[in-house]
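Accompanying notes for the structure given below.
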Amino acid sequence: MKTKSLIVSVLVFFASLSTMAQRQMEYLDRGVIAIRNSNDSVYIGWRLLGTEPNDIAFNLYRQSGNNKPTLLNKTPIKESTNFEDGRQDFSVDNSYFVKAILNGQEQKASKSFTIKANSPAQQYINIALRTPPGYTPNDISVGDLDGDGEYEIIVHQTGRSFDTPSPGISDIPIFQAYKMDGTFLWQISLGKNIREGAHYTQFMVYDLDGDGIAEFACKTADGTIDGLGKVIGDSTKDWRSLDKNNRSTYGKILAGPEYFTIFSGRTGEALATTDYIPNRYPINGWNGHGGNGKSDNTGNRCDRFLACIAYLDGVHPSVVMCRGYYGRTVLAAWDWRNGKLTSRWVFDSKDGENPFSGQGNHNLSVADVDGDGKDEIIYGSMVVDDNGKGLFSTGLRHGDAIHVGVLDPGRPGLEVFGIHEIEEGTKGPGAAVYDAKTGEILYKGSIDQDVGRGVAEDIDPTNPGAEMWYSGSNGLLNMKGERIGDSPVSTNFVIWWDGDLSRELLDKNHIDKYNVGRLFTAEGCVSNNGTKATPALSADLFGDWREEVIFRTADNKNLRIYTTTIPTHHRIYTLMHDPQYRLAIATQNVGYNQPPHTSFFLGTGMKQAPKPNIVLINSNIESKK
């Protein structure tokens with residue numbers, strides 16, 4: 001009897017651990033989208049949630065004008081979450097909605113999506129912006145800012161900007177929030193004491209306290225104005241270096257307080273402000289080695305920032321604000337709970353001889369690399385554990401791109417592909433793959449050659465798993481480094497767009513399929529960030545599991561959110577309910593933007609996607625069944 005009781009106790013204990021380990025994730029509605037095609041058919045797509053059973057089915061309805069809703073499918077839809085309708089009257093409003101079918105019973109209707117009468121065929125949703133004169137809409141993030149199950153967008157409006165080595169007076173960074181229907185919500189001005197540029201302001205949008213409403217978080221300073229018009233710090237202070245005779249520091253901000261602020265996603269109100277960790281001092285204490293080891297007293301190395309969201313306890317999201325990657329590297333984890341902002345831990349490499357110094361990228365990634373349910377931070381060529389301790393360093397040094405995922409389905413766990421700079425006094429691979437759990441280096445390429453661009457993803461259905469390609473790779477390589485084809489037309493972003501499981505190539509304002517050609521061009525739109533040519537955002541924002549892409553129009557007055565209209569017979573839950581993918585969307589705006597990856601292999605020959613261990617915040621009864 002004692003043995004039986006012990007077994008029951010152990011089972012109850014592990015069952016409770018499993019329950020505790022469920023991550024808090026945002027509730028999302030069906031995300032119905034309907035697009036009128038040029039052939040006068042309508043493409044309709046909707047979400048499958050990550051918590052829903054495999055046997056769930058759907059009925060799709062169209063309401064034309066004042067007529068009663070018409071059921072469009074002959075039998076419940078089980079194979080996919082998209083449909084083509086070719087029988088509508090475009091002279092009246094056409095509204096589409098779905099009803100889930102569980103245990104043979106229809107559930108309540110989803111929110112509907114309406115194509116207005118006589119609307120032209122177009123593949124995008126347009127959002128008119130309040131872009132300030134002389135400004136350009138740049139990086140975007142998304143979050144549910146009002147708890148209604150729909151994403152809102154947060155736009156970084158950028159004016160005159162300068163990189164950290166360059167002198168000059170920048171414009172003030174501005175953030176604006178909009179609903180998908182174009183409703184303006186709020187504006188935050190970071191003020192003159194935050195410099196504008198790719199390396200300065202990394203902004204996080206995420207539901208940090210589990211109330212179903214996302215917060216906005218970033219570095220602030222004296223003179224920041226929140227969404228209600230309240231000033232943070234001392235508005236009279238001007239900490240910019242204004243001595244025009246000192247060209248190395250003119251316009252830079254090398255003095256004054258630095259803050260970290262949590263803002264309300266609903267109103268833009270500053271909810272809590274504290275000192276930014278770490279501060280910039282000593283300014284010359286952030287140098288690297290070799291070509292990066294030169295003395296730097298001009299605010300170059302000390303003003304390289306990164307940020308991310310990570311589930312460090314396996315349940316609640318924390319925000320991690322970072323500084324430095326060429327030499328000294330500091331990561332500061334923060335918790336926002338019950339209206340209080342508290343420091344969770346601080347990782348500081350402190351010393352340039354430390355194996356964890358000088359290993360950072362212009363970007364980072366977050367994933368559970370060791371399978372314990374808690375996230376680690378892949379900081380370029382090193383990994384920081386969920387407890388704030390260094391897990392390992394590969395010594396591969398700094399680079400410009402990173403891709404973390406199940407790149408080789410034949411191996412257990414995740415792999416990390418990255419490219420690396422080779423500068424004066426440094427040697428090593430220009431591209432490498434390492435095991436995300438152990439740091440074991442699995443591939444080295446372009447030895448002692450500087451590599452500036454690189455991608456890893458499944459784009460070739462004839463090769464099992466992912467492929468990699470990079471500047472100087474001289475072709476498409478499998479994950480063992482063997483050449484299997486010609487180089488793709490671009491080395492930039494990737495996107496799931498067409499009907500199969502392999503990914504497509506996203507570059508500038510167009511999408512191409514490897515060895516096939518052009519699939520799509522966003523006419524009248526332009527990409528961001530100069531030669532990097534990245535979208536404002538690419539993510540699974542609504543519809544089925546394929547990804548949307550957001551571009552700005554060439555006049556900077558509008559955003560266009562493009563979605564695929566290509567049918568697919570593959571059914572996968574929304575990628576935003578895969579925690580690794582969702583966190584990659586939160587960090588996509590950081591530094592040199594990188595495309596997201598899932599925690600499982602999503603590509604040709606994939607197994608069924610594993611169910612995420614999540615609990616939805618503010619979910620309705622239907623989503624809990």
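Just remember, in the structure tokens the first chain shown is A, the second B, etc., residues are 1-based per chain, and ligands are 1-based in the order shown.
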ask   = Got a sec to tell me which of region 148-367 of chain A DSSP assigns to strand (DSSP E), as a PyMOL selection string?
value = chain A and resi 152-158+174-178+184-189+204-206+215-220+224-225+231-232+259-264+270-275+305-310+318-323+330-337+340-348+365-367
Can you spit out the residues from that selection as a PDB file, in the first residue's frame, using C-alpha atoms?
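result.pdb, freshly written:
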```pdb
ATOM      1  CA  GLU A 152      -2.714  46.057 -32.683  1.00  0.00           C
ATOM      2  CA  ILE A 153       0.459  47.426 -34.246  1.00  0.00           C
ATOM      3  CA  ILE A 154       3.151  49.658 -32.771  1.00  0.00           C
ATOM      4  CA  VAL A 155       5.171  51.658 -35.301  1.00  0.00           C
ATOM      5  CA  HIS A 156       8.633  53.102 -34.735  1.00  0.00           C
ATOM      6  CA  GLN A 157       8.557  56.408 -36.622  1.00  0.00           C
ATOM      7  CA  THR A 158      12.105  57.437 -37.471  1.00  0.00           C
ATOM      8  CA  ILE A 174       8.540  58.379 -31.870  1.00  0.00           C
ATOM      9  CA  PHE A 175       6.257  55.383 -31.336  1.00  0.00           C
ATOM     10  CA  GLN A 176       2.643  55.200 -32.428  1.00  0.00           C
ATOM     11  CA  ALA A 177      -0.035  52.553 -31.819  1.00  0.00           C
ATOM     12  CA  TYR A 178      -2.874  51.710 -34.211  1.00  0.00           C
ATOM     13  CA  PHE A 184      -5.024  55.775 -33.795  1.00  0.00           C
ATOM     14  CA  LEU A 185      -4.455  54.859 -30.130  1.00  0.00           C
ATOM     15  CA  TRP A 186      -1.480  56.785 -28.721  1.00  0.00           C
ATOM     16  CA  GLN A 187       1.952  58.291 -29.325  1.00  0.00           C
ATOM     17  CA  ILE A 188       5.101  58.165 -27.197  1.00  0.00           C
ATOM     18  CA  SER A 189       7.998  60.559 -27.831  1.00  0.00           C
ATOM     19  CA  MET A 204       9.401  45.173 -26.609  1.00  0.00           C
ATOM     20  CA  VAL A 205       5.641  44.634 -26.941  1.00  0.00           C
ATOM     21  CA  TYR A 206       4.251  41.737 -24.904  1.00  0.00           C
ATOM     22  CA  GLU A 215       2.719  46.347 -22.435  1.00  0.00           C
ATOM     23  CA  PHE A 216       5.281  48.446 -24.303  1.00  0.00           C
ATOM     24  CA  ALA A 217       8.814  48.617 -22.870  1.00  0.00           C
ATOM     25  CA  CYS A 218      11.981  50.448 -23.892  1.00  0.00           C
ATOM     26  CA  LYS A 219      14.900  52.572 -22.733  1.00  0.00           C
ATOM     27  CA  THR A 220      13.883  56.159 -21.864  1.00  0.00           C
ATOM     28  CA  THR A 224      10.429  61.234 -22.689  1.00  0.00           C
ATOM     29  CA  ILE A 225       6.692  61.972 -23.070  1.00  0.00           C
ATOM     30  CA  VAL A 231       7.038  63.747 -18.921  1.00  0.00           C
ATOM     31  CA  ILE A 232       9.547  61.241 -17.538  1.00  0.00           C
ATOM     32  CA  TYR A 259      15.895  54.861 -17.600  1.00  0.00           C
ATOM     33  CA  PHE A 260      13.885  51.749 -18.364  1.00  0.00           C
ATOM     34  CA  THR A 261      10.112  52.229 -18.592  1.00  0.00           C
ATOM     35  CA  ILE A 262       7.058  49.990 -18.802  1.00  0.00           C
ATOM     36  CA  PHE A 263       4.163  51.656 -20.636  1.00  0.00           C
ATOM     37  CA  SER A 264       0.508  50.675 -20.783  1.00  0.00           C
ATOM     38  CA  ALA A 270       4.194  55.248 -18.244  1.00  0.00           C
ATOM     39  CA  LEU A 271       3.440  52.679 -15.528  1.00  0.00           C
ATOM     40  CA  ALA A 272       6.896  52.290 -13.986  1.00  0.00           C
ATOM     41  CA  THR A 273      10.340  53.773 -14.574  1.00  0.00           C
ATOM     42  CA  THR A 274      13.664  52.711 -13.073  1.00  0.00           C
ATOM     43  CA  ASP A 275      17.360  53.118 -13.821  1.00  0.00           C
ATOM     44  CA  PHE A 305      21.683  47.690 -27.282  1.00  0.00           C
ATOM     45  CA  LEU A 306      19.611  44.523 -27.691  1.00  0.00           C
ATOM     46  CA  ALA A 307      16.421  43.270 -26.015  1.00  0.00           C
ATOM     47  CA  CYS A 308      14.107  40.266 -25.888  1.00  0.00           C
ATOM     48  CA  ILE A 309      11.254  38.550 -24.061  1.00  0.00           C
ATOM     49  CA  ALA A 310      11.896  35.169 -22.392  1.00  0.00           C
ATOM     50  CA  SER A 318      10.254  38.511 -18.493  1.00  0.00           C
ATOM     51  CA  VAL A 319      11.781  41.351 -20.477  1.00  0.00           C
ATOM     52  CA  VAL A 320      15.561  41.308 -20.927  1.00  0.00           C
ATOM     53  CA  MET A 321      17.377  44.546 -21.758  1.00  0.00           C
ATOM     54  CA  CYS A 322      20.955  44.214 -23.000  1.00  0.00           C
ATOM     55  CA  ARG A 323      24.011  46.354 -23.623  1.00  0.00           C
ATOM     56  CA  VAL A 330      25.385  42.745 -19.937  1.00  0.00           C
ATOM     57  CA  LEU A 331      21.883  41.286 -19.900  1.00  0.00           C
ATOM     58  CA  ALA A 332      19.369  42.518 -17.304  1.00  0.00           C
ATOM     59  CA  ALA A 333      16.166  40.527 -16.772  1.00  0.00           C
ATOM     60  CA  TRP A 334      13.088  42.319 -15.425  1.00  0.00           C
ATOM     61  CA  ASP A 335       9.691  41.104 -14.171  1.00  0.00           C
ATOM     62  CA  TRP A 336       6.532  43.203 -14.398  1.00  0.00           C
ATOM     63  CA  ARG A 337       4.046  41.662 -11.966  1.00  0.00           C
ATOM     64  CA  LYS A 340       5.661  46.333  -9.766  1.00  0.00           C
ATOM     65  CA  LEU A 341       8.872  46.279 -11.803  1.00  0.00           C
ATOM     66  CA  THR A 342      11.617  44.154 -10.225  1.00  0.00           C
ATOM     67  CA  SER A 343      15.076  43.018 -11.275  1.00  0.00           C
ATOM     68  CA  ARG A 344      15.232  39.252 -11.758  1.00  0.00           C
ATOM     69  CA  TRP A 345      18.952  38.863 -12.488  1.00  0.00           C
ATOM     70  CA  VAL A 346      21.888  40.547 -14.220  1.00  0.00           C
ATOM     71  CA  PHE A 347      24.437  38.736 -16.370  1.00  0.00           C
ATOM     72  CA  ASP A 348      27.680  40.705 -16.793  1.00  0.00           C
ATOM     73  CA  SER A 365      17.268  34.716 -30.271  1.00  0.00           C
ATOM     74  CA  VAL A 366      15.267  33.074 -27.490  1.00  0.00           C
ATOM     75  CA  ALA A 367      14.525  29.352 -27.172  1.00  0.00           C
TER      76      ALA A 367
END
```
request  = List the neighbours of Ser95 (chain A) out to 9 Å using only C-alpha atoms; skip same-chain residues closer than 3 positions along the sequence, and give me the result as a PyMOL selection string.
outcome  = chain A and resi 34+61-65+69+112-116
query = Please, what distance in Å, to one decimal, runs between CA of Val98 (chain A) and CA of Arg30 (chain A)?
reply =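 Taking CA of Val98 (chain A) and CA of Arg30 (chain A), their separation equals 8.0 Å.
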inquiry  = Need to verify the contact set: region 518-531 of chain A, 6 Å, only C-alpha atoms, exclusion of same-chain residues closer than 5 positions in sequence. Can you return it as a list in words?
reply    =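 Answer for this query is Lys508, Asn509, His510, Ile511, Asp512, Phe551, Arg552, Thr553 and Ala554 of chain A.
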key: Within 6 Å of region 297-304 of chain A using only C-alpha atoms, minus same-chain residues under 2 positions, as a list in words   =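 Counting only C-alpha atoms, the residues come to Thr164, Pro165, His199, Thr249, Arg280, Ile283, Asn284, Trp286, Arg323 and Gly324 of chain A.
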Got time to write the residues from that selection, C-alpha atoms, as a PDB file, in the first residue's frame?
```pdb
ATOM      1  CA  THR A 164      26.755  54.878 -33.040  1.00  0.00           C
ATOM      2  CA  PRO A 165      30.150  55.755 -34.627  1.00  0.00           C
ATOM      3  CA  HIS A 199      21.386  50.284 -32.320  1.00  0.00           C
ATOM      4  CA  THR A 249      31.143  63.049 -30.001  1.00  0.00           C
ATOM      5  CA  ARG A 280      27.176  53.399 -19.810  1.00  0.00           C
ATOM      6  CA  ILE A 283      32.408  54.559 -21.592  1.00  0.00           C
ATOM      7  CA  ASN A 284      35.679  52.989 -22.746  1.00  0.00           C
ATOM      8  CA  TRP A 286      32.887  48.098 -23.815  1.00  0.00           C
ATOM      9  CA  ARG A 323      24.011  46.354 -23.623  1.00  0.00           C
ATOM     10  CA  GLY A 324      27.237  45.562 -25.459  1.00  0.00           C
TER      11      GLY A 324
END
```
key: Nearest residue to Thr329 (chain A) from the set A:Pro278, A:Gly465, A:Gly86, A:Gly371 (distances using only C-alpha atoms)   =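 Going through A:Pro278, A:Gly465, A:Gly86, A:Gly371 one by one, the smallest distance to Thr329 (chain A) is for A:Pro278.
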key: region 483-487 of chain A environment, 10 Å, only C-alpha atoms, sequence neighbours closer than 3 positions dropped, as a list of chain:residue names   =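 Those residues are A:Asp460, A:Thr462, A:Asn463, A:Glu467, A:Met468, A:Trp469, A:Tyr470, A:Ser471, A:Gly472, A:Ser473, A:Asn474, A:Gly475, A:Leu476, A:Leu477, A:Asn478, A:Met479, A:Lys480, A:Ser490, A:Thr491, A:Tyr514, A:Asn515.
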message = Taking 4 positions as the minimum chain separation for residues in the same chain, which residues sit within 9 Å of Ser166 (chain A) when counting only C-alpha atoms? Answer as a PyMOL selection string.
response = chain A and resi 162+247-252+300
message = If we count only C-alpha atoms and set the cut-off at 8 Å, which residues sit around Phe493 (chain A), ignoring sequence neighbours fewer than 5 positions away in its own chain? Please answer as a PyMOL selection string.
response = chain A and resi 455+505-507+534+594-595
Preceding selection exported with N, CA, C and O atoms as a PDB file, in the first residue's frame:
```
ATOM      1  N   VAL A 455      21.478  32.886 -44.228  1.00  0.00           N
ATOM      2  CA  VAL A 455      20.143  32.399 -43.855  1.00  0.00           C
ATOM      3  C   VAL A 455      20.193  30.884 -43.749  1.00  0.00           C
ATOM      4  O   VAL A 455      20.960  30.222 -44.456  1.00  0.00           O
ATOM      5  N   LEU A 505      11.355  33.011 -50.254  1.00  0.00           N
ATOM      6  CA  LEU A 505      12.366  34.053 -50.079  1.00  0.00           C
ATOM      7  C   LEU A 505      11.702  35.420 -50.101  1.00  0.00           C
ATOM      8  O   LEU A 505      11.028  35.788 -51.070  1.00  0.00           O
ATOM      9  N   LEU A 506      11.882  36.186 -49.032  1.00  0.00           N
ATOM     10  CA  LEU A 506      11.329  37.530 -48.921  1.00  0.00           C
ATOM     11  C   LEU A 506      12.474  38.522 -48.967  1.00  0.00           C
ATOM     12  O   LEU A 506      13.379  38.494 -48.123  1.00  0.00           O
ATOM     13  N   ASP A 507      12.435  39.401 -49.955  1.00  0.00           N
ATOM     14  CA  ASP A 507      13.507  40.384 -50.121  1.00  0.00           C
ATOM     15  C   ASP A 507      12.915  41.658 -50.714  1.00  0.00           C
ATOM     16  O   ASP A 507      12.122  41.598 -51.655  1.00  0.00           O
ATOM     17  N   THR A 534      14.623  45.055 -45.258  1.00  0.00           N
ATOM     18  CA  THR A 534      13.733  44.215 -44.472  1.00  0.00           C
ATOM     19  C   THR A 534      12.320  44.795 -44.442  1.00  0.00           C
ATOM     20  O   THR A 534      12.125  45.995 -44.587  1.00  0.00           O
ATOM     21  N   GLN A 594      15.769  39.841 -38.031  1.00  0.00           N
ATOM     22  CA  GLN A 594      15.906  38.460 -38.481  1.00  0.00           C
ATOM     23  C   GLN A 594      14.533  37.799 -38.581  1.00  0.00           C
ATOM     24  O   GLN A 594      13.630  38.106 -37.795  1.00  0.00           O
ATOM     25  N   PRO A 595      14.342  36.877 -39.523  1.00  0.00           N
ATOM     26  CA  PRO A 595      13.054  36.188 -39.634  1.00  0.00           C
ATOM     27  C   PRO A 595      12.871  35.185 -38.494  1.00  0.00           C
ATOM     28  O   PRO A 595      13.837  34.687 -37.926  1.00  0.00           O
TER      29      PRO A 595
END
```
ask   = How many Å separate CA of Gly399 (chain A) from CA of Gly452 (chain A)?
value =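 Between CA of Gly399 (chain A) and CA of Gly452 (chain A) the gap is 7.7 Å.
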task = Tell me which of A:His316, A:Gly268, A:Asn138, A:Ser393 sits closest to Val615 (chain A), counting only C-alpha atoms.
result =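 Among the listed residues, A:His316 lies closest to Val615 (chain A).
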query = So which one's closest to Glu504 (chain A), A:Gly285, A:Pro461, A:Leu396, A:Tyr443? Using only C-alpha atoms, please.
reply = A:Pro461
note = If you count only C-alpha atoms, the residue of A:Tyr325, A:Phe601, A:Tyr151, A:Tyr124 closest to Gly265 (chain A) turns out to be A:Tyr151
